[in-house]
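Shown here: protein-v3.pdb, PDB, C-alpha atoms.
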ATOM      1  CA  MET A 232      28.456   2.884  18.673  1.00  0.00           C
ATOM      2  CA  ALA A 233      29.611   6.375  19.718  1.00  0.00           C
ATOM      3  CA  ASP A 234      30.211   7.182  23.369  1.00  0.00           C
ATOM      4  CA  GLY A 235      28.758  10.699  23.131  1.00  0.00           C
ATOM      5  CA  PRO A 236      25.293  11.849  24.060  1.00  0.00           C
ATOM      6  CA  ALA A 237      22.197  10.817  22.126  1.00  0.00           C
ATOM      7  CA  TYR A 238      19.699  13.273  20.708  1.00  0.00           C
ATOM      8  CA  ALA A 239      16.193  12.589  19.402  1.00  0.00           C
ATOM      9  CA  LEU A 240      15.094  15.373  17.063  1.00  0.00           C
ATOM     10  CA  ASP A 241      11.524  16.132  16.014  1.00  0.00           C
ATOM     11  CA  LEU A 242      11.620  16.031  12.213  1.00  0.00           C
ATOM     12  CA  ASP A 243       8.954  18.670  11.637  1.00  0.00           C
ATOM     13  CA  GLY A 244      10.057  21.001  14.418  1.00  0.00           C
ATOM     14  CA  VAL A 245      13.802  20.879  13.859  1.00  0.00           C
ATOM     15  CA  LEU A 246      14.762  19.752  10.363  1.00  0.00           C
ATOM     16  CA  ALA A 247      11.962  19.920   7.805  1.00  0.00           C
ATOM     17  CA  ASP A 248       8.248  20.633   8.167  1.00  0.00           C
ATOM     18  CA  THR A 249       6.708  17.776   6.201  1.00  0.00           C
ATOM     19  CA  ARG A 250       3.101  18.686   6.990  1.00  0.00           C
ATOM     20  CA  PRO A 251       2.538  20.981   3.931  1.00  0.00           C
ATOM     21  CA  LEU A 252       3.891  18.303   1.576  1.00  0.00           C
ATOM     22  CA  TRP A 253       1.756  15.639   3.296  1.00  0.00           C
ATOM     23  CA  ASP A 254      -1.357  17.830   2.987  1.00  0.00           C
ATOM     24  CA  ALA A 255      -0.658  18.487  -0.712  1.00  0.00           C
ATOM     25  CA  TRP A 256      -0.286  14.745  -1.302  1.00  0.00           C
ATOM     26  CA  LEU A 257      -3.549  13.967   0.498  1.00  0.00           C
ATOM     27  CA  GLU A 258      -5.353  16.501  -1.672  1.00  0.00           C
ATOM     28  CA  ASP A 259      -3.778  15.113  -4.850  1.00  0.00           C
ATOM     29  CA  ALA A 260      -4.448  11.485  -3.858  1.00  0.00           C
ATOM     30  CA  ALA A 261      -8.098  12.222  -3.092  1.00  0.00           C
ATOM     31  CA  ARG A 262      -8.531  13.996  -6.414  1.00  0.00           C
ATOM     32  CA  ARG A 263      -6.841  11.221  -8.417  1.00  0.00           C
ATOM     33  CA  ALA A 264      -8.649   8.381  -6.630  1.00  0.00           C
ATOM     34  CA  ARG A 265     -11.937  10.299  -6.632  1.00  0.00           C
ATOM     35  CA  VAL A 266     -12.502   9.552  -2.965  1.00  0.00           C
ATOM     36  CA  GLU A 267     -12.943  11.691   0.097  1.00  0.00           C
ATOM     37  CA  LEU A 268      -9.928  11.202   2.351  1.00  0.00           C
ATOM     38  CA  ASP A 269     -10.967  12.179   5.827  1.00  0.00           C
ATOM     39  CA  VAL A 270      -7.901  10.999   7.741  1.00  0.00           C
ATOM     40  CA  PRO A 271      -6.828  11.766  11.308  1.00  0.00           C
ATOM     41  CA  GLN A 272      -4.307  14.562  11.881  1.00  0.00           C
ATOM     42  CA  ASP A 273      -1.947  12.039  13.476  1.00  0.00           C
ATOM     43  CA  ARG A 274      -0.210  10.465  10.498  1.00  0.00           C
ATOM     44  CA  THR A 275       0.369   7.146  12.243  1.00  0.00           C
ATOM     45  CA  ALA A 276      -3.383   6.821  12.687  1.00  0.00           C
ATOM     46  CA  ALA A 277      -3.945   8.178   9.169  1.00  0.00           C
ATOM     47  CA  SER A 278      -1.955   5.264   7.741  1.00  0.00           C
ATOM     48  CA  ALA A 279      -4.671   2.774   8.699  1.00  0.00           C
ATOM     49  CA  ALA A 280      -7.365   4.935   7.113  1.00  0.00           C
ATOM     50  CA  LEU A 281      -5.279   5.267   3.952  1.00  0.00           C
ATOM     51  CA  ASP A 282      -4.700   1.505   3.824  1.00  0.00           C
ATOM     52  CA  GLU A 283      -8.454   1.044   3.778  1.00  0.00           C
ATOM     53  CA  ALA A 284      -9.269   3.869   1.341  1.00  0.00           C
ATOM     54  CA  LEU A 285      -6.382   3.572  -1.134  1.00  0.00           C
ATOM     55  CA  GLY A 286      -4.713   0.218  -0.602  1.00  0.00           C
ATOM     56  CA  ASP A 287      -1.019   0.413  -1.523  1.00  0.00           C
ATOM     57  CA  TRP A 288      -0.650   4.197  -1.096  1.00  0.00           C
ATOM     58  CA  ARG A 289       2.991   4.377   0.061  1.00  0.00           C
ATOM     59  CA  PRO A 290       4.560   4.226  -3.442  1.00  0.00           C
ATOM     60  CA  LEU A 291       2.177   7.001  -4.510  1.00  0.00           C
ATOM     61  CA  LEU A 292       3.282   9.158  -1.588  1.00  0.00           C
ATOM     62  CA  GLU A 293       6.936   8.438  -2.275  1.00  0.00           C
ATOM     63  CA  ARG A 294       6.643   9.398  -5.971  1.00  0.00           C
ATOM     64  CA  PHE A 295       4.663  12.549  -5.206  1.00  0.00           C
ATOM     65  CA  ALA A 296       7.070  13.613  -2.452  1.00  0.00           C
ATOM     66  CA  ALA A 297      10.149  12.893  -4.567  1.00  0.00           C
ATOM     67  CA  ASP A 298       8.789  15.112  -7.343  1.00  0.00           C
ATOM     68  CA  ARG A 299       7.764  17.977  -5.060  1.00  0.00           C
ATOM     69  CA  ALA A 300      10.104  17.865  -2.061  1.00  0.00           C
ATOM     70  CA  PRO A 301      12.470  20.508  -3.498  1.00  0.00           C
ATOM     71  CA  VAL A 302       9.586  22.981  -3.508  1.00  0.00           C
ATOM     72  CA  TYR A 303       8.642  22.291   0.123  1.00  0.00           C
ATOM     73  CA  ILE A 304      11.929  21.360   1.798  1.00  0.00           C
ATOM     74  CA  ARG A 305      15.206  23.241   1.656  1.00  0.00           C
ATOM     75  CA  PRO A 306      18.490  22.681   3.445  1.00  0.00           C
ATOM     76  CA  ARG A 307      19.178  24.963   6.395  1.00  0.00           C
ATOM     77  CA  PRO A 308      22.933  25.546   6.517  1.00  0.00           C
ATOM     78  CA  ASP A 309      22.874  26.709  10.148  1.00  0.00           C
ATOM     79  CA  THR A 310      20.964  23.624  11.278  1.00  0.00           C
ATOM     80  CA  ASN A 311      23.200  21.297   9.282  1.00  0.00           C
ATOM     81  CA  ALA A 312      26.292  22.969  10.755  1.00  0.00           C
ATOM     82  CA  LEU A 313      24.956  22.245  14.248  1.00  0.00           C
ATOM     83  CA  LEU A 314      24.270  18.619  13.314  1.00  0.00           C
ATOM     84  CA  ARG A 315      27.765  18.304  11.842  1.00  0.00           C
ATOM     85  CA  ARG A 316      29.306  19.661  15.078  1.00  0.00           C
ATOM     86  CA  LEU A 317      27.254  17.310  17.250  1.00  0.00           C
ATOM     87  CA  LYS A 318      28.171  14.316  15.100  1.00  0.00           C
ATOM     88  CA  ALA A 319      31.864  15.280  15.104  1.00  0.00           C
ATOM     89  CA  ALA A 320      31.717  15.412  18.912  1.00  0.00           C
ATOM     90  CA  GLY A 321      30.501  11.806  18.974  1.00  0.00           C
ATOM     91  CA  ALA A 322      26.776  12.407  19.380  1.00  0.00           C
ATOM     92  CA  ARG A 323      24.245   9.855  18.194  1.00  0.00           C
ATOM     93  CA  ILE A 324      21.313  11.479  16.398  1.00  0.00           C
ATOM     94  CA  GLY A 325      17.868  10.065  15.740  1.00  0.00           C
ATOM     95  CA  VAL A 326      14.804  11.679  14.230  1.00  0.00           C
ATOM     96  CA  PHE A 327      11.260  10.960  15.343  1.00  0.00           C
ATOM     97  CA  THR A 328       8.079  11.697  13.451  1.00  0.00           C
ATOM     98  CA  ASP A 329       4.544  10.533  12.858  1.00  0.00           C
ATOM     99  CA  ALA A 330       5.118  10.901   9.102  1.00  0.00           C
ATOM    100  CA  PRO A 331       5.423   7.738   7.017  1.00  0.00           C
ATOM    101  CA  LEU A 332       9.061   6.702   6.621  1.00  0.00           C
ATOM    102  CA  GLU A 333       8.882   7.257   2.870  1.00  0.00           C
ATOM    103  CA  LEU A 334       8.164  10.940   3.497  1.00  0.00           C
ATOM    104  CA  ALA A 335      10.574  11.250   6.430  1.00  0.00           C
ATOM    105  CA  ASP A 336      13.502   9.772   4.491  1.00  0.00           C
ATOM    106  CA  LEU A 337      12.921  12.087   1.526  1.00  0.00           C
ATOM    107  CA  ALA A 338      12.610  15.099   3.825  1.00  0.00           C
ATOM    108  CA  LEU A 339      15.902  14.269   5.539  1.00  0.00           C
ATOM    109  CA  ALA A 340      17.646  13.864   2.189  1.00  0.00           C
ATOM    110  CA  HIS A 341      16.321  17.164   0.831  1.00  0.00           C
ATOM    111  CA  ALA A 342      17.129  18.976   4.070  1.00  0.00           C
ATOM    112  CA  GLY A 343      20.704  17.695   3.799  1.00  0.00           C
ATOM    113  CA  ALA A 344      20.479  16.035   7.211  1.00  0.00           C
ATOM    114  CA  ALA A 345      20.274  12.335   6.306  1.00  0.00           C
ATOM    115  CA  ARG A 346      24.040  11.756   6.665  1.00  0.00           C
ATOM    116  CA  TYR A 347      23.945  12.778  10.347  1.00  0.00           C
ATOM    117  CA  VAL A 348      21.002  10.606  11.372  1.00  0.00           C
ATOM    118  CA  GLU A 349      21.317   7.040  12.665  1.00  0.00           C
ATOM    119  CA  ALA A 350      17.649   6.234  13.253  1.00  0.00           C
ATOM    120  CA  VAL A 351      14.282   7.440  11.970  1.00  0.00           C
ATOM    121  CA  GLY A 352      10.861   6.437  13.243  1.00  0.00           C
ATOM    122  CA  THR A 353       8.448   6.878  16.096  1.00  0.00           C
ATOM    123  CA  PRO A 354       9.774   8.267  19.382  1.00  0.00           C
ATOM    124  CA  ALA A 355       9.864   4.708  20.767  1.00  0.00           C
ATOM    125  CA  ASP A 356      11.739   3.418  17.684  1.00  0.00           C
ATOM    126  CA  VAL A 357      14.349   6.165  17.969  1.00  0.00           C
ATOM    127  CA  ARG A 358      14.765   5.696  21.724  1.00  0.00           C
ATOM    128  CA  ALA A 359      15.298   1.961  21.209  1.00  0.00           C
ATOM    129  CA  ALA A 360      17.794   2.495  18.385  1.00  0.00           C
ATOM    130  CA  LEU A 361      19.817   5.087  20.280  1.00  0.00           C
ATOM    131  CA  GLY A 362      19.593   3.338  23.639  1.00  0.00           C
ATOM    132  CA  GLY A 363      18.980   4.925  27.006  1.00  0.00           C
ATOM    133  CA  GLU A 364      17.143   8.212  27.250  1.00  0.00           C
ATOM    134  CA  PRO A 365      18.195  10.567  24.457  1.00  0.00           C
ATOM    135  CA  VAL A 366      17.834  14.318  24.876  1.00  0.00           C
ATOM    136  CA  VAL A 367      14.625  15.260  23.066  1.00  0.00           C
ATOM    137  CA  VAL A 368      14.931  18.314  20.799  1.00  0.00           C
ATOM    138  CA  ARG A 369      11.662  19.756  19.453  1.00  0.00           C
ATOM    139  CA  SER A 370      12.738  23.034  17.796  1.00  0.00           C
ATOM    140  CA  ARG A 371      15.650  24.657  15.980  1.00  0.00           C
ATOM    141  CA  GLU A 372      16.047  26.965  18.977  1.00  0.00           C
ATOM    142  CA  GLU A 373      16.499  23.976  21.293  1.00  0.00           C
ATOM    143  CA  LEU A 374      19.047  22.517  18.873  1.00  0.00           C
ATOM    144  CA  ALA A 375      20.981  25.794  18.784  1.00  0.00           C
ATOM    145  CA  ALA A 376      21.040  25.853  22.598  1.00  0.00           C
ATOM    146  CA  LEU A 377      22.989  22.557  22.594  1.00  0.00           C
ATOM    147  CA  ARG A 378      26.148  24.345  21.513  1.00  0.00           C
TER     148      ARG A 378
END
Rewrite the structure of this file - the entire thing - as structure tokens.
Amino acid sequence: MADGPAYALDLDGVLADTRPLWDAWLEDAARRARVELDVPQDRTAASAALDEALGDWRPLLERFAADRAPVYIRPRPDTNALLRRLKAAGARIGVFTDAPLELADLALAHAGAARYVEAVGTPADVRAALGGEPVVVRSREELAALR
């Protein structure tokens, strides 16, 4: 465990906006399954609705996202340079999101940020994994201000 500060980054606000890829998958899944998918905006809550409507939907999301992530998610060299500096200084970095982990993990990999991240999950999951009260970072601008 590093002795440096801990940071909890908002996946969509700081590293990779997964919402467009999620929305494209929902549209594709509804079309393929021939069902109306009226799911809540909050993706944690949407998971329960998807469990009921589609059953084992996570592998479908993972396959769809793996095929299309390069179109939706690109590395940001400036952001990755900041993450690299924080990590080199001993910081512990976690990423929180309401996106399913299958989507979050792919987004981090395609953004080039996965190697800097110790924990991924809900805000509570990340806080527990990092310990204490990590500094919450919700935008790239807030991340840049950490210099």
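Candidate residues A:Pro290, A:Gly325, A:Gly244, A:Pro236 were compared for distance to Trp256 of chain A, and the nearest is A:Pro290, using all atoms listed in the file.
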Separation of atom CA of Trp288 of chain A and atom CA of Gly352 of chain A, in Å? 18.5 Å
The PyMOL selection byres ((chain A and resi 308-324) around 9) - which residues does that actually catch in the file I just gave you? List them as a ChimeraX atom specification. /A:232-240,245-246,306-307,325-326,342-344,347-350,357,361,365,371,374-375,377-378
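Distances to Arg262 of chain A were evaluated for A:Ala376, A:Val367, A:Leu285, A:Ala280 using all atoms listed in the file, and the minimum falls at A:Leu285.
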As a check of understanding: the span from atom CA of Asp254 of chain A to atom CA of Arg358 of chain A is 27.5 Å
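When the distance limit is 12 Å and only C-alpha atoms are what count, the residues near Pro251 of chain A, minus those fewer than 3 positions from it on the same chain, are Asp243, Ala247, Asp248, Asp254, Ala255, Trp256, Leu257, Glu258, Ala296, Arg299, Ala300, Val302, Tyr303, Ile304, Ala330, Leu334 and Ala338 of chain A.
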Tell me which residues the PyMOL selection byres ((chain A and resi 275-278) around 12) grabs here, as JSON, numbers by chain. {"A": [253, 254, 257, 268, 269, 270, 271, 272, 273, 274, 279, 280, 281, 282, 283, 284, 285, 286, 287, 288, 289, 292, 327, 328, 329, 330, 331, 332, 352, 353, 354]}
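Atom CA of Arg369 of chain A lies 28.8 Å from atom CA of Leu291 of chain A.
With all atoms listed in the file as the basis for measurement, A:Glu293 is the residue among A:Glu373, A:Asp259, A:Glu293, A:Glu267 that approaches Glu333 of chain A most closely.
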Generate the missing atoms of segment 281-295 of chain A up to N, CA and C atoms and report them as a short mmCIF file (atom, residue, chain, number, x, y, z; two decimals), in the coordinates of the input.
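Heads up, here's the output in rebuild-v2.cif:
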data_model
loop_
_atom_site.label_atom_id
_atom_site.label_comp_id
_atom_site.auth_asym_id
_atom_site.auth_seq_id
_atom_site.Cartn_x
_atom_site.Cartn_y
_atom_site.Cartn_z
N LEU A 281 -5.74 5.27 5.34
CA LEU A 281 -5.28 5.27 3.95
C LEU A 281 -5.17 3.85 3.40
N ASP A 282 -4.75 2.91 4.25
CA ASP A 282 -4.70 1.50 3.82
C ASP A 282 -6.08 1.05 3.36
N GLU A 283 -7.09 1.45 4.10
CA GLU A 283 -8.45 1.04 3.78
C GLU A 283 -8.99 1.77 2.54
N ALA A 284 -8.71 3.07 2.43
CA ALA A 284 -9.27 3.87 1.34
C ALA A 284 -8.50 3.71 0.03
N LEU A 285 -7.19 3.56 0.09
CA LEU A 285 -6.38 3.57 -1.13
C LEU A 285 -5.60 2.29 -1.39
N GLY A 286 -5.52 1.43 -0.42
CA GLY A 286 -4.71 0.22 -0.60
C GLY A 286 -3.23 0.53 -0.48
N ASP A 287 -2.47 0.24 -1.52
CA ASP A 287 -1.02 0.41 -1.52
C ASP A 287 -0.66 1.87 -1.86
N TRP A 288 -0.82 2.76 -0.89
CA TRP A 288 -0.65 4.20 -1.10
C TRP A 288 0.79 4.67 -0.91
N ARG A 289 1.63 3.91 -0.25
CA ARG A 289 2.99 4.38 0.06
C ARG A 289 3.83 4.69 -1.19
N PRO A 290 3.81 3.85 -2.24
CA PRO A 290 4.56 4.23 -3.44
C PRO A 290 4.04 5.52 -4.07
N LEU A 291 2.74 5.76 -3.97
CA LEU A 291 2.18 7.00 -4.51
C LEU A 291 2.71 8.20 -3.75
N LEU A 292 2.74 8.08 -2.42
CA LEU A 292 3.28 9.16 -1.59
C LEU A 292 4.75 9.38 -1.91
N GLU A 293 5.50 8.31 -2.02
CA GLU A 293 6.94 8.44 -2.28
C GLU A 293 7.20 9.14 -3.61
N ARG A 294 6.48 8.77 -4.66
CA ARG A 294 6.64 9.40 -5.97
C ARG A 294 6.27 10.87 -5.93
N PHE A 295 5.13 11.16 -5.31
CA PHE A 295 4.66 12.55 -5.21
C PHE A 295 5.68 13.38 -4.44
#
